[in-house]
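This report concerns only the one structure given below.
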Amino acid sequence: MMLSPPLPSHLASPPPALPAHSEGGNCWNKPCDDPTHTCFVKHKLGLAGLALCRTDCPATWLCETRVDGGCGAAPLPPKLPHVSARLRALLTSRRPWLGVSLCDRASPPAGVLTFEISCFDGGMTGNRWVMVSNLLRRAACCAGVALLPPEFDHFPSTGASCFDFTAMRKVAHVKEREPLRLTPPAHQSCAANVSTSSKHWWWSPMLRETQAPPRFPPLPPTPAPSATGHSCWAQASCSNSSAIESLVSLLASMYVGFAVPGHVFGDKPCVAAARPSPPLVMHVRSGDIFTNWADGKHIHKHAGYQHDPFARGQPPLAFYRAAMEHHASLHLPNESSAMVVTSPDKANPILPSLLNGTAPPGAGTSIPVELSSSASFEADLTQLICAESLALSLSSLNPLLLSAPNAREVYFFTDKGCDAVNTSCRITRLAPAPPRRFWCISGYGTYRLLQNWRNDDAQRKEMLTYPVHAPVQVQGAPDGCVA
């Protein structure tokens with residue numbers, strides 16, 4: 001029996017390929033032949049786009065530049081938004097962070113060590129959150145200045161895109177018993193300014209720069225992982241510092257636009273739940289891993305979109321069912337509800353059962369399920385960021401979602417057993433936020449989708465039939481380093 005649904009209409013026939021440089025002049029993945037020309041971006045779609053070699057950029061184009069197949073800096077807008085008083089208060093009211101301040105992106109501090117993301121290329125929103133975090137971590141550890149593009153992934157700009165850490169070396173201690181361990185100024189990682197596109201910061205700065213071109217200062221190898229298997233993006237003497245990790249999480253949230261509890265992009269308040277109890281908001285990953293990947297192969301390929309999903313299999317239906325049942329047990333009868341957040345293609349095979357069967361097995365009452373699957377990624381992401389009860393998919397968005405200050409209950413899936421959850425890198429959440437509980441839902445035995453994702457009929461069937469244990473409260477986040 002074929003369990004795979006038919007391909008969405010937009011994938012029924014191959015889309016027109018992006019023109020190669022030699023065919024249509026698209027310089028997206030290749031530099032201009034004429035050294036007097038600049039590669040200007042006209043528009044972007046996901047990981048690819050159209051860029052042409054020109055002497056100047058038309059006013060109607062995006063006008064970001066591309067350099068050697070990567071992106072280059074776009075001109076700053078003539079007027080940048082002001083940082084709201086509510087957002088500024090997150091830094092000024094935090095005594096441990098005396099020495100960290102917002103600066104003027106249009107006129108940043110001069111003559112100091114500076115680390116800059118000139119533009120975003122490579123990866124999607126979750127990956128770019130990691131890139132931003134890695135740059136902020138490096139700037140903080142080196143007591144330099146961090147410069148970021150004025151807006152993040154086309155979300156409303158917060159104005160918080162310049163952070164000055166230069167006074168941090170004057171702060172002797174974060175707390176009475178916790179010294180603030182910064183990287184020594186003479187260390188190679190703090191030896192020179194770095195201004196490059198975001199893909200330079202995709203991995204740990206130390207790991208990435210050992211593989212970087214010669215124009216970046218070489219760094220020693222990344223320190224070995226801890227006994228629990230996670231290096232927590234270790235960086236010289238600044239490694240494994242809960243104080244630094246807390247600061248990075250806060251500043252990245254300020255930059256993207258959700259650091260203030262109960263507020264999100266553009267300082268908009270989160271919408272209150274219609275029922276007395278907050279709904280369980282469940283992220284169900286769909287999209288390219290189902291629509292552009294079948295039987296272990298790409299369906300369509302085009303420039304700028306070449307990747308191997310590796311272990312991108314998603315949690316089984318039973319994980320979400322168990323989370324719904326447990327969520328219902330924490331609230332009064334008839335008060336529980338759930339919301340599924342997924343991409344508009346709705347290609348994940350568990351969705352029909354999850355949306356149509358509103359009563360989890362063993363539950364005494366029915367749980368209504370609402371769907372958030374719009375053409376606006378910002379609207380759907382808002383639901384996840386504002387969620388007080390959250391069920392995670394297996395997604396690069398998880399570090400971003402775990403940094404949001406609103407979630408009180410977090411459910412996550414593993415097939416390794418909940419006693420294997422890494423809690424070695426617990427950090428203190430700086431933003432005023434409620435206590436958070438993590439619920440681990442483990443499966444019975446190996447979940448083959450996490451070993452080699454193929455999106456074939458057998459794996460899609462396993463998503464519908466794989467059993468799980470009841471949730472167990474654990475003292476840590478899924479990756480052990482974000483709380």
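Identifiers in the structure tokens: chain A, B, ... in order shown; residue index from 1 per chain; ligand index from 1 in order shown.
By chain and then residue number, the residues within 9 Å of Arg128 (chain A) are Phe120, Asp121, Gly122, Gly123, Met124, Thr125, Met131, Val132, Ser133, Phe152, Asp153, Ser198, Lys199, Trp201 and Trp202 of chain A, counting only C-alpha atoms and disregarding those fewer than 3 positions away in sequence.
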Next, dump the selected residues to file, keeping only N, CA, C and O atoms, as a tab-separated table (two decimals), in the first residue's frame.
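The result, stored in out30.tsv:
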```tsv
chain	number	residue	atom	x	y	z
A	120	PHE	N	23.42	37.83	5.13
A	120	PHE	CA	23.05	36.44	5.40
A	120	PHE	C	23.08	35.63	4.11
A	120	PHE	O	22.46	35.99	3.11
A	121	ASP	N	23.81	34.52	4.13
A	121	ASP	CA	23.77	33.55	3.05
A	121	ASP	C	23.96	32.16	3.65
A	121	ASP	O	24.59	31.99	4.68
A	122	GLY	N	23.38	31.17	3.01
A	122	GLY	CA	23.47	29.81	3.51
A	122	GLY	C	22.51	29.57	4.65
A	122	GLY	O	22.31	30.41	5.53
A	123	GLY	N	21.87	28.40	4.63
A	123	GLY	CA	20.98	28.04	5.72
A	123	GLY	C	19.68	28.81	5.72
A	123	GLY	O	19.45	29.71	4.92
A	124	MET	N	18.81	28.41	6.65
A	124	MET	CA	17.54	29.08	6.81
A	124	MET	C	17.49	29.69	8.21
A	124	MET	O	18.51	29.81	8.87
A	125	THR	N	16.31	30.03	8.69
A	125	THR	CA	16.19	30.83	9.91
A	125	THR	C	16.91	30.22	11.11
A	125	THR	O	17.64	30.90	11.82
A	131	MET	N	24.33	31.14	13.49
A	131	MET	CA	25.39	32.02	12.98
A	131	MET	C	25.50	33.29	13.81
A	131	MET	O	26.59	33.72	14.19
A	132	VAL	N	24.35	33.91	14.08
A	132	VAL	CA	24.33	35.12	14.91
A	132	VAL	C	24.88	34.84	16.30
A	132	VAL	O	25.70	35.61	16.83
A	133	SER	N	24.47	33.72	16.89
A	133	SER	CA	24.93	33.37	18.23
A	133	SER	C	26.44	33.16	18.26
A	133	SER	O	27.13	33.58	19.20
A	152	PHE	N	16.84	40.71	10.55
A	152	PHE	CA	17.10	39.27	10.55
A	152	PHE	C	16.02	38.57	9.72
A	152	PHE	O	14.83	38.60	10.07
A	153	ASP	N	16.44	37.96	8.62
A	153	ASP	CA	15.56	37.12	7.80
A	153	ASP	C	14.25	37.81	7.42
A	153	ASP	O	13.18	37.18	7.40
A	198	SER	N	27.42	35.46	6.62
A	198	SER	CA	27.02	34.66	7.78
A	198	SER	C	27.51	33.22	7.71
A	198	SER	O	27.71	32.59	8.75
A	199	LYS	N	27.70	32.66	6.49
A	199	LYS	CA	28.07	31.25	6.43
A	199	LYS	C	29.44	30.98	7.06
A	199	LYS	O	29.75	29.86	7.42
A	201	TRP	N	30.11	31.82	9.92
A	201	TRP	CA	29.80	31.58	11.33
A	201	TRP	C	28.85	30.40	11.52
A	201	TRP	O	28.23	30.27	12.57
A	202	TRP	N	28.72	29.55	10.49
A	202	TRP	CA	27.75	28.46	10.57
A	202	TRP	C	28.10	27.50	11.69
A	202	TRP	O	27.25	27.05	12.44
```
### Message
Give me, as a ChimeraX atom specification, all polymer residues having an atom no more than 9 Å from Pro156 (chain A), counting only C-alpha atoms and skipping those fewer than 3 positions away in the same chain.
### Response
/A:151-153,256-257,265-266
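CA of Val171 (chain A) sits 15.6 Å away from CA of Ala139 (chain A).
For the residues A:Cys119, A:Leu330, A:Ala192, A:Leu250, ranking by smallest atom-to-atom distance to Phe163 (chain A) using only C-alpha atoms places A:Leu250 first.
Closest approach to Val410 (chain A) among A:Gly287, A:Pro435, A:Pro81, A:Gly72 is made by A:Pro435 (distances from only C-alpha atoms).
Here CA of Ala167 (chain A) stands at a distance of 20.3 Å from CA of Ala106 (chain A).
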